[in-house]
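Trainee: One file is attached below, structure.tsv, containing TSV, C-alpha atoms.
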chain	number	residue	atom	x	y	z
A	239	VAL	CA	5.42	29.30	19.22
A	240	GLY	CA	2.83	27.01	20.75
A	241	TYR	CA	1.48	23.83	19.19
A	242	ALA	CA	-1.92	25.38	18.40
A	243	GLN	CA	-0.24	28.34	16.69
A	244	ARG	CA	1.91	26.02	14.53
A	245	ILE	CA	-1.13	23.98	13.48
A	246	ASN	CA	-3.02	27.17	12.65
A	247	TYR	CA	-0.09	28.48	10.58
A	248	PHE	CA	0.20	25.31	8.51
A	249	SER	CA	-3.53	24.88	8.01
A	250	ASN	CA	-3.92	28.44	6.73
A	251	THR	CA	-0.82	28.71	4.56
A	252	PRO	CA	-1.54	27.77	0.95
A	253	ILE	CA	1.09	25.82	-0.96
A	254	ASP	CA	2.31	27.38	-4.19
A	255	TRP	CA	2.45	24.25	-6.38
A	256	SER	CA	3.64	26.27	-9.40
A	257	THR	CA	7.10	26.55	-7.83
A	258	ALA	CA	7.37	22.88	-6.85
A	259	ASP	CA	10.05	20.66	-8.37
A	260	SER	CA	8.18	18.85	-11.17
A	261	GLU	CA	9.87	15.48	-10.56
A	262	MET	CA	9.12	15.62	-6.84
A	263	LEU	CA	5.55	16.72	-7.52
A	264	ALA	CA	5.07	13.74	-9.87
A	265	GLU	CA	6.28	11.39	-7.11
A	266	TYR	CA	3.85	12.89	-4.60
A	267	LYS	CA	0.98	12.59	-7.08
A	268	LYS	CA	1.84	8.93	-7.68
A	269	ILE	CA	1.95	8.19	-3.96
A	270	ILE	CA	-1.30	10.05	-3.24
A	271	ALA	CA	-3.08	8.29	-6.12
A	272	PHE	CA	-2.06	4.90	-4.73
A	273	ARG	CA	-3.14	5.87	-1.23
A	274	ASN	CA	-6.55	6.90	-2.55
A	275	THR	CA	-7.10	3.43	-4.05
A	276	SER	CA	-5.70	1.34	-1.18
A	277	ASN	CA	-7.92	0.38	1.73
A	278	ALA	CA	-4.90	-1.22	3.39
A	279	ILE	CA	-3.04	2.11	3.44
A	280	LYS	CA	-6.09	4.12	4.49
A	281	LYS	CA	-7.60	1.77	7.09
A	282	GLY	CA	-5.26	-1.18	7.50
A	283	THR	CA	-3.44	-2.67	10.45
A	284	TYR	CA	0.17	-1.52	10.77
A	285	THR	CA	3.06	-3.88	11.54
A	286	GLY	CA	6.55	-2.38	11.75
A	287	TYR	CA	9.81	-4.02	10.66
A	288	SER	CA	12.12	-0.97	10.67
A	289	ASN	CA	15.76	-0.68	11.68
A	290	ASN	CA	18.01	2.37	12.04
A	291	ALA	CA	18.46	2.81	8.27
A	292	ILE	CA	15.30	1.38	6.71
A	293	SER	CA	11.70	2.21	7.47
A	294	ALA	CA	9.78	-0.99	6.71
A	295	PHE	CA	6.19	-1.84	7.49
A	296	THR	CA	3.08	-3.57	6.24
A	297	MET	CA	-0.49	-2.37	6.20
A	298	VAL	CA	-3.19	-5.04	5.91
A	299	LYS	CA	-6.92	-4.68	5.36
A	300	ASP	CA	-8.98	-7.74	4.49
A	301	ALA	CA	-7.16	-9.52	1.61
A	302	GLU	CA	-5.04	-6.48	0.68
A	303	LYS	CA	-1.48	-6.28	1.99
A	304	VAL	CA	1.00	-3.47	1.27
A	305	PHE	CA	4.72	-3.69	2.12
A	306	ILE	CA	6.64	-0.41	2.17
A	307	LEU	CA	10.40	-0.01	2.49
A	308	SER	CA	12.27	3.32	2.53
A	309	ASN	CA	16.01	3.81	2.79
A	310	LEU	CA	16.35	6.79	5.13
A	311	THR	CA	20.07	7.22	4.49
A	312	ASN	CA	22.31	8.63	1.78
A	313	ALA	CA	24.10	5.27	1.42
A	314	THR	CA	23.21	2.04	-0.35
A	315	THR	CA	21.82	-0.21	2.38
A	316	LYS	CA	20.99	-3.91	2.67
A	317	TYR	CA	17.84	-4.81	4.56
A	318	LEU	CA	17.27	-8.29	6.01
A	319	VAL	CA	13.67	-9.26	5.30
A	320	THR	CA	11.69	-11.32	7.77
A	321	ASN	CA	10.69	-14.72	6.33
A	322	THR	CA	6.98	-13.93	6.54
A	323	LEU	CA	7.43	-11.21	3.90
A	324	ASN	CA	9.45	-13.31	1.44
A	325	GLY	CA	7.68	-14.14	-1.79
A	326	THR	CA	6.18	-12.56	-4.86
A	327	TRP	CA	4.81	-9.02	-4.70
A	328	LYS	CA	3.74	-6.41	-7.26
A	329	ASP	CA	5.21	-2.94	-7.53
A	330	ALA	CA	2.27	-0.72	-6.56
A	331	PHE	CA	3.08	1.83	-9.27
A	332	THR	CA	4.09	-0.34	-12.24
A	333	ASP	CA	2.47	-3.73	-11.46
A	334	ALA	CA	5.86	-5.33	-12.19
A	335	THR	CA	6.49	-8.56	-10.30
A	336	VAL	CA	8.99	-8.20	-7.46
A	337	THR	CA	10.45	-11.27	-5.78
A	338	VAL	CA	11.43	-10.59	-2.18
A	339	GLY	CA	14.04	-12.91	-0.73
A	340	SER	CA	15.96	-12.80	2.52
A	341	GLU	CA	17.48	-9.37	1.78
A	342	ILE	CA	16.85	-6.29	-0.33
A	343	THR	CA	19.40	-3.67	-1.29
A	344	LEU	CA	18.07	-0.13	-1.52
A	345	ALA	CA	19.89	2.79	-3.11
A	346	PRO	CA	20.23	6.02	-1.11
A	347	PHE	CA	16.76	7.35	-0.26
A	348	GLN	CA	15.10	4.71	-2.47
A	349	TYR	CA	11.67	3.47	-1.52
A	350	LEU	CA	9.53	0.54	-2.62
A	351	VAL	CA	5.77	0.20	-2.34
A	352	LEU	CA	4.75	-3.40	-2.88
A	353	LYS	CA	1.32	-5.00	-2.82
A	354	ASN	CA	-0.03	-8.52	-2.91
Show the structure stored in the file as structure tokens.
Mentor:
Amino acid sequence: VGYAQRINYFSNTPIDWSTADSEMLAEYKKIIAFRNTSNAIKKGTYTGYSNNAISAFTMVKDAEKVFILSNLTNATTKYLVTNTLNGTWKDAFTDATVTVGSEITLAPFQYLVLKN
């Protein structure tokens, strides 16, 4: 199947949200809602900090900075954080204060979305 055919298939196939896992659907809604309110995510400058196990990056637009970490493995993983990202952040979904030091431990498939 060619690339154009695959794009056409996906763009014309409706998603049946009534059969979606409710917990997963809630996570997607939370992520999409944050994206819709974040200029950094929508239009910001990307800087990558990933390794083989952790996807880590920042998106920055004007004074807004978002730091995202995702454990891509099924094992608890420690991530060494670059000094420039150490400090106090806010959880993008709960507004709880998160202090980022020299390393973060993420549970299997855990992700964090932090903002300044």
Trainee: CA of Ile292 (chain A) and CA of Asp333 (chain A), how far apart in Å?
Mentor: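 Computing it gives 22.8 Å between the two atoms.
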Trainee: Hey, which of A:Ile279, A:Leu310, A:Leu344, A:Val351 ends up closest to Asp329 (chain A)? Count all atoms listed in the file.
Mentor: A:Val351
Trainee: Could you name the residues that touch Lys280 (chain A) at 9 Å or less, counting all atoms listed in the file, but leaving out those on the same chain fewer than 5 positions away, as a list in words?
Mentor: Arg273, Asn274, Thr275, Met297 and Lys299 of chain A
Trainee: Closest to Gly286 (chain A) among A:Ile253, A:Leu323, A:Ala258, A:Ile270, using all atoms listed in the file?
Mentor: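 Using all atoms listed in the file, Gly286 (chain A) sits closest to A:Leu323.
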Trainee: Using all atoms listed in the file, find the one residue out of A:Ala330, A:Ile269, A:Ala278, A:Ile342 that sits nearest to Thr315 (chain A).
Mentor: A:Ile342
Trainee: Work out how far apart CA of Tyr284 (chain A) and CA of Thr296 (chain A) are and give it in Å to one decimal.
Mentor: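 Straight-line distance from CA of Tyr284 (chain A) to CA of Thr296 (chain A) works out to 5.8 Å.
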Trainee: Could you tell me how far CA of Glu261 (chain A) sits from CA of Ala313 (chain A), in Å to one decimal place?
Mentor: 21.2 Å
Trainee: Which one is closest to Phe331 (chain A): A:Trp255, A:Tyr287, A:Phe295, A:Tyr349? Count only C-alpha atoms.
Mentor: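 That would be A:Tyr349, the residue with the smallest distance to Phe331 (chain A).
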Trainee: Let me have the centre and edge lengths in Å, one decimal, of the box along x, y and z around every listed atom of region 269-283 of chain A with 6 Å of margin on each side, as lines of an AutoDock Vina configuration file.
Mentor:
center_x = -3.0
center_y = 3.7
center_z = 2.2
size_x = 21.9
size_y = 24.7
size_z = 28.6
Trainee: Identify which of the residues A:Thr322, A:Lys353, A:Lys267, A:Glu341 lies closest to Val298 (chain A), counting only C-alpha atoms when measuring atom-to-atom distances.
Mentor: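 Of all the options, A:Lys353 lies closest to Val298 (chain A).
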Trainee: Point out the residue among A:Tyr266, A:Phe305, A:Phe272, A:Tyr317 with the least atom-to-atom distance to Asn289 (chain A), counting only C-alpha atoms.
Mentor: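 The closest residue to Asn289 (chain A) is A:Tyr317.
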